[in-house]
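The structure appears right after this line, and notes come after that.
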Amino acid sequence: KKAIIDPFLFKYKVQPIKKELYEAVIVKASQLSRRKHLFSRDRLKLFLKQHCEPHDGVIKTKATSIAKYNLAEQNFSYFFPDDPPTFIFSPASRRRGRPPKRASTSLEDEITAKQNTQGNKSKVAREKTRFQKQKE
């Protein structure tokens with residue numbers, strides 16, 4: 001495994017927004033900083049909404065953002081000098097939160113629910129047809 005590279009050893013090429021007025025400059029890591037309130041939770045949410053979308057429970061980058069910033073041509077080592085992280089697989093839990101409450105429970109639903117838990121399917125079907133006949 002490679003040793004972790006000290007971030008202060010890096011030099012960055014800063015390109016100006018208005019290229020006709022300024023030229024690109026190479027600076028040390030210690031010369032870079034951002035103002036205090038530039039990065040916030042709201043800005044992060046906006047960034048994610050603009051550039052990401054959920055696909056089968058996984059957040060992926062939008063195709064428009066991939067094309068605009070040429071992300072398909074880049075790989076992990078282009079952005080990060082160290083080895084890629086290794087994530088330990090953990091299966092998703094089956095139950096997330098509380099189950100939704102039902103608006104109203106009728107007598108018929110209560111009986112079928114009780115019998116379903118007992119595993120007596122044929123009896124459940126007979127009770128259901130009996131209740132339907134009683135309603136008619």
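Simple scheme: letters A, B, ... for chains in structure tokens order, numbers from 1 for residues in each chain, numbers from 1 for ligands in the order shown.
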
With 12 Å as the cut-off and only C-alpha atoms counted, what is the closest atom pair between each nearby residue of stretch 29-60 of chain A and stretch 9-24 of chain A? Distances in Å to one decimal, ordered by chain and number, as JSON lines.
{"residue": "A:Ala29", "atom": "CA", "partner": "A:Lys11", "partner_atom": "CA", "distance": 5.9}
{"residue": "A:Ser30", "atom": "CA", "partner": "A:Lys11", "partner_atom": "CA", "distance": 9.2}
{"residue": "A:Gln31", "atom": "CA", "partner": "A:Lys11", "partner_atom": "CA", "distance": 9.5}
{"residue": "A:Leu32", "atom": "CA", "partner": "A:Tyr12", "partner_atom": "CA", "distance": 8.8}

Those residues with N, CA, C and O atoms, as a CSV table (one decimal), in the first residue's frame please?
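Generated file (out34.csv):
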chain,number,residue,atom,x,y,z
A,29,ALA,N,-0.6,24.9,-1.7
A,29,ALA,CA,-1.8,24.5,-1.0
A,29,ALA,C,-2.1,25.5,0.1
A,29,ALA,O,-3.3,25.8,0.4
A,30,SER,N,-1.1,26.0,0.8
A,30,SER,CA,-1.3,26.9,1.9
A,30,SER,C,-1.8,28.3,1.5
A,30,SER,O,-2.3,29.0,2.3
A,31,GLN,N,-1.7,28.6,0.2
A,31,GLN,CA,-2.3,29.8,-0.3
A,31,GLN,C,-3.7,29.8,-0.7
A,31,GLN,O,-4.3,30.8,-1.0
A,32,LEU,N,-4.3,28.6,-0.7
A,32,LEU,CA,-5.7,28.4,-1.0
A,32,LEU,C,-6.6,28.4,0.2
A,32,LEU,O,-6.3,27.7,1.2

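Computed from the coordinates, the atom CA of A:Phe80 to atom CA of A:Lys28 distance equals 16.7 Å.
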
- Message: I'd like to know which of A:Ile88, A:Leu48, A:Val27, A:Ile4 is closest to A:Lys62, using only C-alpha atoms.
- Response: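 Using only C-alpha atoms, A:Lys62 sits closest to A:Leu48.
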
From atom CA of A:Phe89 to atom CA of A:His55 the spacing works out at 18.8 Å
